[in-house]
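Shown next: start34.pdb, containing PDB, C-alpha atoms.
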```pdb
ATOM      1  CA  MET A   1     -32.738  54.515 -10.720
ATOM      2  CA  ARG A   2     -33.773  53.516 -14.250
ATOM      3  CA  GLU A   3     -36.909  51.824 -12.949
ATOM      4  CA  SER A   4     -37.865  54.759 -10.727
ATOM      5  CA  LEU A   5     -37.689  56.983 -13.825
ATOM      6  CA  LEU A   6     -39.396  54.655 -16.332
ATOM      7  CA  GLY A   7     -41.975  53.084 -13.999
ATOM      8  CA  PRO A   8     -44.358  56.044 -13.644
ATOM      9  CA  LEU A   9     -44.037  56.924 -17.348
ATOM     10  CA  ARG A  10     -45.275  53.467 -18.404
ATOM     11  CA  HIS A  11     -48.762  54.595 -17.429
ATOM     12  CA  VAL A  12     -48.835  57.125 -20.278
ATOM     13  CA  TYR A  13     -51.134  55.623 -22.914
ATOM     14  CA  GLY A  14     -49.292  54.365 -25.994
ATOM     15  CA  VAL A  15     -45.806  54.769 -24.542
ATOM     16  CA  ALA A  16     -43.834  51.568 -23.937
ATOM     17  CA  ASP A  17     -40.343  50.715 -22.696
ATOM     18  CA  LYS A  18     -38.764  50.942 -26.149
ATOM     19  CA  VAL A  19     -39.978  54.490 -26.807
ATOM     20  CA  LEU A  20     -39.174  55.631 -23.273
ATOM     21  CA  SER A  21     -35.679  54.152 -23.409
ATOM     22  CA  LEU A  22     -34.962  55.622 -26.842
ATOM     23  CA  ALA A  23     -36.153  59.073 -25.829
ATOM     24  CA  LEU A  24     -34.582  59.271 -22.389
ATOM     25  CA  ALA A  25     -31.265  57.489 -22.979
ATOM     26  CA  SER A  26     -29.944  60.140 -25.346
ATOM     27  CA  VAL A  27     -30.981  62.974 -23.050
ATOM     28  CA  LEU A  28     -29.459  61.325 -19.984
ATOM     29  CA  LEU A  29     -26.252  60.321 -21.788
ATOM     30  CA  ALA A  30     -25.769  63.948 -22.802
ATOM     31  CA  ALA A  31     -25.158  64.888 -19.150
ATOM     32  CA  GLN A  32     -22.134  67.186 -18.993
ATOM     33  CA  ASP A  33     -20.400  65.112 -16.345
ATOM     34  CA  ALA A  34     -20.172  61.450 -17.363
ATOM     35  CA  ARG A  35     -19.754  60.497 -13.699
ATOM     36  CA  THR A  36     -23.323  61.479 -12.773
ATOM     37  CA  HIS A  37     -26.085  59.032 -11.920
ATOM     38  CA  TRP A  38     -28.103  60.437 -14.829
ATOM     39  CA  HIS A  39     -25.391  59.464 -17.299
ATOM     40  CA  GLU A  40     -25.145  56.001 -15.758
ATOM     41  CA  THR A  41     -28.937  55.619 -15.896
ATOM     42  CA  GLY A  42     -29.043  56.587 -19.586
ATOM     43  CA  GLY A  43     -26.307  54.062 -20.336
ATOM     44  CA  SER A  44     -28.392  51.314 -18.779
ATOM     45  CA  MET A  45     -31.484  51.998 -20.917
ATOM     46  CA  VAL A  46     -31.862  49.347 -23.582
ATOM     47  CA  ALA A  47     -34.305  49.695 -26.490
ATOM     48  CA  ILE A  48     -35.320  46.399 -28.074
ATOM     49  CA  ASP A  49     -36.662  46.690 -31.599
ATOM     50  CA  THR A  50     -37.359  43.923 -34.114
ATOM     51  CA  LEU A  51     -33.768  44.014 -35.430
ATOM     52  CA  VAL A  52     -32.274  43.364 -31.994
ATOM     53  CA  HIS A  53     -34.940  40.782 -31.095
ATOM     54  CA  LYS A  54     -34.509  38.864 -34.372
ATOM     55  CA  PHE A  55     -30.718  38.980 -33.989
ATOM     56  CA  LEU A  56     -30.991  37.365 -30.550
ATOM     57  CA  HIS A  57     -33.380  34.771 -31.977
ATOM     58  CA  ARG A  58     -31.487  34.093 -35.227
ATOM     59  CA  THR A  59     -28.139  33.642 -33.465
ATOM     60  CA  GLY A  60     -29.655  31.228 -30.942
ATOM     61  CA  ILE A  61     -28.994  33.472 -27.958
ATOM     62  CA  LEU A  62     -32.659  33.447 -26.882
ATOM     63  CA  ALA A  63     -32.836  29.648 -27.113
ATOM     64  CA  ASN A  64     -29.549  29.213 -25.252
ATOM     65  CA  CYS A  65     -30.916  31.411 -22.440
ATOM     66  CA  ASN A  66     -34.261  29.529 -22.369
ATOM     67  CA  ALA A  67     -35.911  32.796 -23.363
ATOM     68  CA  ASP A  68     -37.647  32.108 -26.689
ATOM     69  CA  HIS A  69     -40.586  34.487 -27.056
ATOM     70  CA  PRO A  70     -42.286  36.575 -29.733
ATOM     71  CA  TYR A  71     -41.309  40.209 -30.182
ATOM     72  CA  GLY A  72     -43.236  42.538 -27.896
ATOM     73  CA  PRO A  73     -43.670  43.328 -24.201
ATOM     74  CA  ARG A  74     -42.005  40.027 -23.234
ATOM     75  CA  CYS A  75     -38.715  41.517 -24.470
ATOM     76  CA  TYR A  76     -38.673  43.678 -21.316
ATOM     77  CA  GLU A  77     -39.827  41.076 -18.819
ATOM     78  CA  LYS A  78     -37.669  38.772 -16.702
ATOM     79  CA  ASN A  79     -35.253  36.789 -18.901
ATOM     80  CA  GLY A  80     -36.323  38.843 -21.927
ATOM     81  CA  CYS A  81     -34.167  40.479 -24.567
ATOM     82  CA  ALA A  82     -33.330  43.555 -22.451
ATOM     83  CA  GLU A  83     -32.119  41.453 -19.534
ATOM     84  CA  ILE A  84     -30.043  39.297 -21.885
ATOM     85  CA  ILE A  85     -28.386  42.406 -23.365
ATOM     86  CA  GLU A  86     -27.649  43.546 -19.796
ATOM     87  CA  LYS A  87     -26.049  40.170 -18.993
ATOM     88  CA  ILE A  88     -23.933  40.357 -22.147
ATOM     89  CA  ALA A  89     -22.889  43.914 -21.220
ATOM     90  CA  SER A  90     -21.749  42.752 -17.790
ATOM     91  CA  GLY A  91     -19.140  40.567 -19.519
ATOM     92  CA  ILE A  92     -17.816  43.296 -21.819
ATOM     93  CA  ASP A  93     -15.717  46.219 -20.634
ATOM     94  CA  ALA A  94     -16.912  49.062 -22.891
ATOM     95  CA  LYS A  95     -13.817  51.084 -21.969
ATOM     96  CA  GLN A  96     -11.871  48.941 -24.423
ATOM     97  CA  PHE A  97     -13.801  50.710 -27.215
ATOM     98  CA  ASN A  98     -13.653  54.211 -25.751
ATOM     99  CA  GLN A  99     -11.931  55.226 -22.506
ATOM    100  CA  THR A 100     -14.698  57.735 -21.751
ATOM    101  CA  PHE A 101     -17.344  54.977 -21.691
ATOM    102  CA  PRO A 102     -18.360  53.359 -18.418
ATOM    103  CA  SER A 103     -17.190  49.758 -18.083
ATOM    104  CA  TYR A 104     -20.787  48.508 -17.861
ATOM    105  CA  PHE A 105     -22.706  50.052 -20.773
ATOM    106  CA  PRO A 106     -25.758  48.016 -21.924
ATOM    107  CA  ARG A 107     -26.964  50.815 -24.222
ATOM    108  CA  PHE A 108     -23.693  50.613 -26.163
ATOM    109  CA  ILE A 109     -24.036  46.830 -26.589
ATOM    110  CA  GLN A 110     -27.671  47.148 -27.716
ATOM    111  CA  TYR A 111     -26.701  49.897 -30.158
ATOM    112  CA  ALA A 112     -23.807  47.815 -31.542
ATOM    113  CA  VAL A 113     -26.207  44.914 -32.230
ATOM    114  CA  TRP A 114     -28.660  47.317 -33.855
ATOM    115  CA  ARG A 115     -25.925  48.824 -36.076
ATOM    116  CA  TYR A 116     -24.761  45.358 -37.105
ATOM    117  CA  CYS A 117     -28.285  44.590 -38.303
ATOM    118  CA  ALA A 118     -29.661  47.944 -39.528
ATOM    119  CA  GLN A 119     -29.854  48.654 -43.240
ATOM    120  CA  LYS A 120     -28.340  52.093 -42.602
ATOM    121  CA  GLY A 121     -25.708  50.489 -40.358
ATOM    122  CA  LEU A 122     -23.618  47.487 -41.376
ATOM    123  CA  ASP A 123     -26.693  45.820 -42.944
ATOM    124  CA  VAL A 124     -25.644  42.240 -42.119
ATOM    125  CA  CYS A 125     -28.241  40.398 -40.065
ATOM    126  CA  ASN A 126     -31.698  41.536 -41.127
ATOM    127  CA  SER A 127     -34.689  40.481 -43.198
ATOM    128  CA  ASN A 128     -33.217  42.184 -46.279
ATOM    129  CA  ARG A 129     -30.219  39.838 -46.153
ATOM    130  CA  VAL A 130     -31.760  36.738 -44.574
ATOM    131  CA  VAL A 131     -35.060  35.172 -45.577
ATOM    132  CA  ASP A 132     -36.722  34.781 -42.171
ATOM    133  CA  ARG A 133     -38.168  31.335 -42.903
ATOM    134  CA  ASP A 134     -34.718  29.982 -43.870
ATOM    135  CA  ARG A 135     -31.393  29.639 -42.097
ATOM    136  CA  CYS A 136     -28.857  32.351 -42.861
ATOM    137  CA  GLN A 137     -26.384  31.431 -45.600
ATOM    138  CA  ASN A 138     -24.165  34.529 -45.329
ATOM    139  CA  ARG A 139     -20.741  32.927 -44.995
ATOM    140  CA  TRP A 140     -19.156  36.405 -45.033
ATOM    141  CA  CYS A 141     -20.809  37.275 -41.733
ATOM    142  CA  ARG A 142     -18.188  37.555 -38.974
ATOM    143  CA  LEU A 143     -20.462  35.514 -36.702
ATOM    144  CA  PHE A 144     -21.324  32.757 -39.201
ATOM    145  CA  ARG A 145     -19.327  29.969 -37.521
ATOM    146  CA  ARG A 146     -20.530  30.864 -34.011
ATOM    147  CA  CYS A 147     -24.148  31.580 -34.964
ATOM    148  CA  ASP A 148     -26.959  29.007 -34.678
ATOM    149  CA  ARG A 149     -28.491  30.561 -37.848
ATOM    150  CA  ARG A 150     -32.054  29.799 -36.753
ATOM    151  CA  SER A 151     -34.978  30.727 -38.956
ATOM    152  CA  VAL A 152     -37.268  33.426 -37.606
ATOM    153  CA  GLU A 153     -40.871  32.307 -37.863
ATOM    154  CA  GLN A 154     -43.161  34.878 -39.496
TER     155      GLN A 154
END
```

Just give me the structure as C-alpha coordinates.
Amino acid sequence: MRESLLGPLRHVYGVADKVLSLALASVLLAAQDARTHWHETGGSMVAIDTLVHKFLHRTGILANCNADHPYGPRCYEKNGCAEIIEKIASGIDAKQFNQTFPSYFPRFIQYAVWRYCAQKGLDVCNSNRVVDRDRCQNRWCRLFRRCDRRSVEQ
(Lines of atoms letter the chains of each structure in order from A and count residues from 1; the text may use other names and numbers.)
(Lines give C-alpha, C1' and ligand atoms only; values in the text may rest on other atoms or scores of the structure.)
Protein backbone atom coordinates (compact mmCIF):
# COMPACT_ATOMS: atom_id res chain seq x y z
CA MET A 1 0.00 0.00 0.00
CA ARG A 2 2.89 2.35 0.80
CA GLU A 3 4.40 1.82 -2.64
CA SER A 4 1.08 2.34 -4.44
CA LEU A 5 0.80 5.70 -2.66
CA LEU A 6 4.43 6.87 -3.00
CA GLY A 7 5.16 5.45 -6.47
CA PRO A 8 3.15 7.90 -8.58
CA LEU A 9 4.24 10.86 -6.43
CA ARG A 10 7.93 10.17 -7.14
CA HIS A 11 7.38 11.62 -10.60
CA VAL A 12 6.78 15.09 -9.14
CA TYR A 13 9.94 17.07 -9.91
CA GLY A 14 12.09 17.73 -6.84
CA VAL A 15 10.14 15.45 -4.51
CA ALA A 16 11.97 12.36 -3.24
CA ASP A 17 11.16 9.51 -0.86
CA LYS A 18 12.35 11.38 2.23
CA VAL A 19 10.08 14.38 1.65
CA LEU A 20 7.13 12.21 0.66
CA SER A 21 7.54 9.96 3.70
CA LEU A 22 7.92 12.90 6.08
CA ALA A 23 4.86 14.66 4.70
CA LEU A 24 2.54 11.69 4.37
CA ALA A 25 3.48 9.67 7.46
CA SER A 26 2.19 12.27 9.90
CA VAL A 27 -1.06 12.72 7.99
CA LEU A 28 -1.66 8.97 7.72
CA LEU A 29 -0.71 8.30 11.36
CA ALA A 30 -3.29 10.86 12.44
CA ALA A 31 -6.09 8.57 11.21
CA GLN A 32 -8.81 8.48 13.86
CA ASP A 33 -8.90 4.69 13.96
CA ALA A 34 -5.43 3.23 14.50
CA ARG A 35 -6.63 -0.07 13.01
CA THR A 36 -7.02 1.37 9.50
CA HIS A 37 -4.76 0.56 6.57
CA TRP A 38 -3.91 4.27 6.32
CA HIS A 39 -2.52 4.29 9.85
CA GLU A 40 -0.53 1.13 9.15
CA THR A 41 0.80 2.63 5.91
CA GLY A 42 1.92 5.82 7.68
CA GLY A 43 3.70 3.74 10.31
CA SER A 44 5.68 1.98 7.61
CA MET A 45 6.99 5.19 6.01
CA VAL A 46 10.62 5.72 6.88
CA ALA A 47 12.44 9.00 6.21
CA ILE A 48 16.21 8.68 5.97
CA ASP A 49 18.12 11.89 6.55
CA THR A 50 21.85 12.38 7.07
CA LEU A 51 21.56 11.82 10.84
CA VAL A 52 19.96 8.40 10.41
CA HIS A 53 22.28 7.44 7.54
CA LYS A 54 25.43 8.46 9.45
CA PHE A 55 24.19 6.64 12.55
CA LEU A 56 23.82 3.42 10.55
CA HIS A 57 27.28 3.97 9.06
CA ARG A 58 29.03 5.06 12.28
CA THR A 59 27.66 2.13 14.30
CA GLY A 60 28.73 -0.37 11.63
CA ILE A 61 25.19 -1.47 10.83
CA LEU A 62 25.57 -0.67 7.11
CA ALA A 63 28.86 -2.59 6.90
CA ASN A 64 27.44 -5.55 8.82
CA CYS A 65 24.53 -5.69 6.34
CA ASN A 66 26.88 -5.38 3.32
CA ALA A 67 25.12 -2.12 2.52
CA ASP A 68 27.82 0.57 2.63
CA HIS A 69 26.79 3.44 0.36
CA PRO A 70 26.87 7.24 0.30
CA TYR A 71 23.87 9.20 1.53
CA GLY A 72 21.27 9.74 -1.17
CA PRO A 73 18.83 7.79 -3.33
CA ARG A 74 20.63 4.52 -2.51
CA CYS A 75 19.22 4.82 1.02
CA TYR A 76 15.82 3.82 -0.40
CA GLU A 77 16.96 1.08 -2.75
CA LYS A 78 17.23 -2.64 -2.03
CA ASN A 79 19.38 -3.26 1.07
CA GLY A 80 19.51 0.49 1.72
CA CYS A 81 18.99 2.35 4.97
CA ALA A 82 15.17 2.26 4.79
CA GLU A 83 15.09 -1.51 4.31
CA ILE A 84 17.55 -1.97 7.18
CA ILE A 85 15.34 0.13 9.49
CA GLU A 86 12.39 -2.05 8.41
CA LYS A 87 14.36 -5.21 9.26
CA ILE A 88 15.29 -3.80 12.66
CA ALA A 89 11.63 -2.87 13.27
CA SER A 90 10.54 -6.43 12.51
CA GLY A 91 12.57 -7.58 15.53
CA ILE A 92 11.18 -4.98 17.94
CA ASP A 93 7.65 -5.05 19.31
CA ALA A 94 6.77 -1.33 19.51
CA LYS A 95 3.86 -2.16 21.83
CA GLN A 96 6.40 -2.49 24.64
CA PHE A 97 6.86 1.31 24.42
CA ASN A 98 3.20 2.21 23.98
CA GLN A 99 0.27 -0.23 23.92
CA THR A 100 -1.49 1.85 21.26
CA PHE A 101 1.41 1.37 18.81
CA PRO A 102 1.31 -1.41 16.24
CA SER A 103 3.80 -4.19 16.93
CA TYR A 104 5.61 -3.52 13.64
CA PHE A 105 6.32 0.22 13.48
CA PRO A 106 9.34 1.18 11.31
CA ARG A 107 8.52 4.90 11.52
CA PHE A 108 8.87 4.75 15.31
CA ILE A 109 12.28 3.04 15.05
CA GLN A 110 13.50 5.57 12.47
CA TYR A 111 12.26 8.44 14.64
CA ALA A 112 13.95 6.98 17.74
CA VAL A 113 17.29 6.85 15.87
CA TRP A 114 16.76 10.40 14.64
CA ARG A 115 15.98 11.65 18.18
CA TYR A 116 19.06 9.90 19.55
CA CYS A 117 21.19 11.82 17.05
CA ALA A 118 19.41 15.17 16.60
CA GLN A 119 20.78 18.27 18.30
CA LYS A 120 17.25 19.12 19.45
CA GLY A 121 16.76 15.51 20.56
CA LEU A 122 19.22 13.62 22.74
CA ASP A 123 22.16 15.09 20.77
CA VAL A 124 24.42 12.03 21.12
CA CYS A 125 25.53 10.65 17.77
CA ASN A 126 26.00 13.52 15.34
CA SER A 127 28.67 15.66 13.72
CA ASN A 128 28.49 18.16 16.59
CA ARG A 129 29.60 15.45 19.03
CA VAL A 130 31.72 13.24 16.78
CA VAL A 131 34.35 14.47 14.34
CA ASP A 132 33.34 12.57 11.19
CA ARG A 133 36.90 11.74 10.15
CA ASP A 134 37.65 10.17 13.56
CA ARG A 135 36.19 7.31 15.56
CA CYS A 136 33.72 8.30 18.26
CA GLN A 137 35.27 8.64 21.72
CA ASN A 138 32.03 9.26 23.65
CA ARG A 139 32.32 6.65 26.38
CA TRP A 140 29.09 7.97 27.93
CA CYS A 141 27.09 6.86 24.91
CA ARG A 142 24.79 3.96 25.83
CA LEU A 143 25.87 2.18 22.65
CA PHE A 144 29.63 2.73 23.01
CA ARG A 145 30.56 -0.89 23.79
CA ARG A 146 28.32 -2.33 21.05
CA CYS A 147 29.13 0.30 18.41
CA ASP A 148 31.80 -0.16 15.72
CA ARG A 149 32.53 3.60 16.02
CA ARG A 150 33.48 3.93 12.35
CA SER A 151 34.58 7.26 10.94
CA VAL A 152 32.24 8.82 8.40
CA GLU A 153 34.19 9.91 5.35
CA GLN A 154 33.49 13.50 4.28

**Item:** Hits from the PyMOL selection byres ((chain A and resi 116-119) around 12), listed as a ChimeraX atom specification
**Value:** /A:49-56,58-59,109-115,120-130,141-143

**Message:** List the spatial neighbours of region 78-91 of chain A as a count of residues only - criterion: any atom at most 10 Å away, all atoms listed in the file, same-chain residues fewer than 4 positions off excluded.
**Reply:** 32

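Note that the spacing between CA of Ser4 (chain A) and CA of Ser26 (chain A) amounts to 17.5 Å.
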
As a short mmCIF file (atom, residue, chain, number, x, y, z; two decimals) with C-alpha atoms, in the frame of the given file, please: the residues near Arg150 (chain A) (cut-off 9 Å, all atoms listed in the file, same-chain neighbours under 2 positions excluded).
```
data_model
loop_
_atom_site.label_atom_id
_atom_site.label_comp_id
_atom_site.auth_asym_id
_atom_site.auth_seq_id
_atom_site.Cartn_x
_atom_site.Cartn_y
_atom_site.Cartn_z
CA HIS A 57 -33.38 34.77 -31.98
CA ARG A 58 -31.49 34.09 -35.23
CA THR A 59 -28.14 33.64 -33.47
CA GLY A 60 -29.66 31.23 -30.94
CA ASP A 132 -36.72 34.78 -42.17
CA ARG A 133 -38.17 31.34 -42.90
CA ASP A 134 -34.72 29.98 -43.87
CA ARG A 135 -31.39 29.64 -42.10
CA CYS A 136 -28.86 32.35 -42.86
CA CYS A 147 -24.15 31.58 -34.96
CA ASP A 148 -26.96 29.01 -34.68
CA VAL A 152 -37.27 33.43 -37.61
#
```

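Distance-wise, CA of His11 (chain A) and CA of Thr36 (chain A) end up 26.8 Å apart.
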
**Request:** Measure the distance from CA of Arg10 (chain A) to CA of Val27 (chain A) in Å and round it to one decimal.
**Result:** 17.8 Å

Could you work out an axis-aligned bounding box for all listed atoms of region 106-123 of chain A, with 3 Å added on each of the six sides, and give its centre and edge lengths in Å to one decimal, as lines of an AutoDock Vina configuration file?
```
center_x = -26.7
center_y = 48.3
center_z = -32.6
size_x = 12.2
size_y = 13.5
size_z = 27.3
```

**Message:** From the options A:Glu40, A:Asp93, A:Glu77, A:Glu153, which residue's atoms come nearest to Asp17 (chain A), counting only C-alpha atoms?
**Reply:** A:Glu77
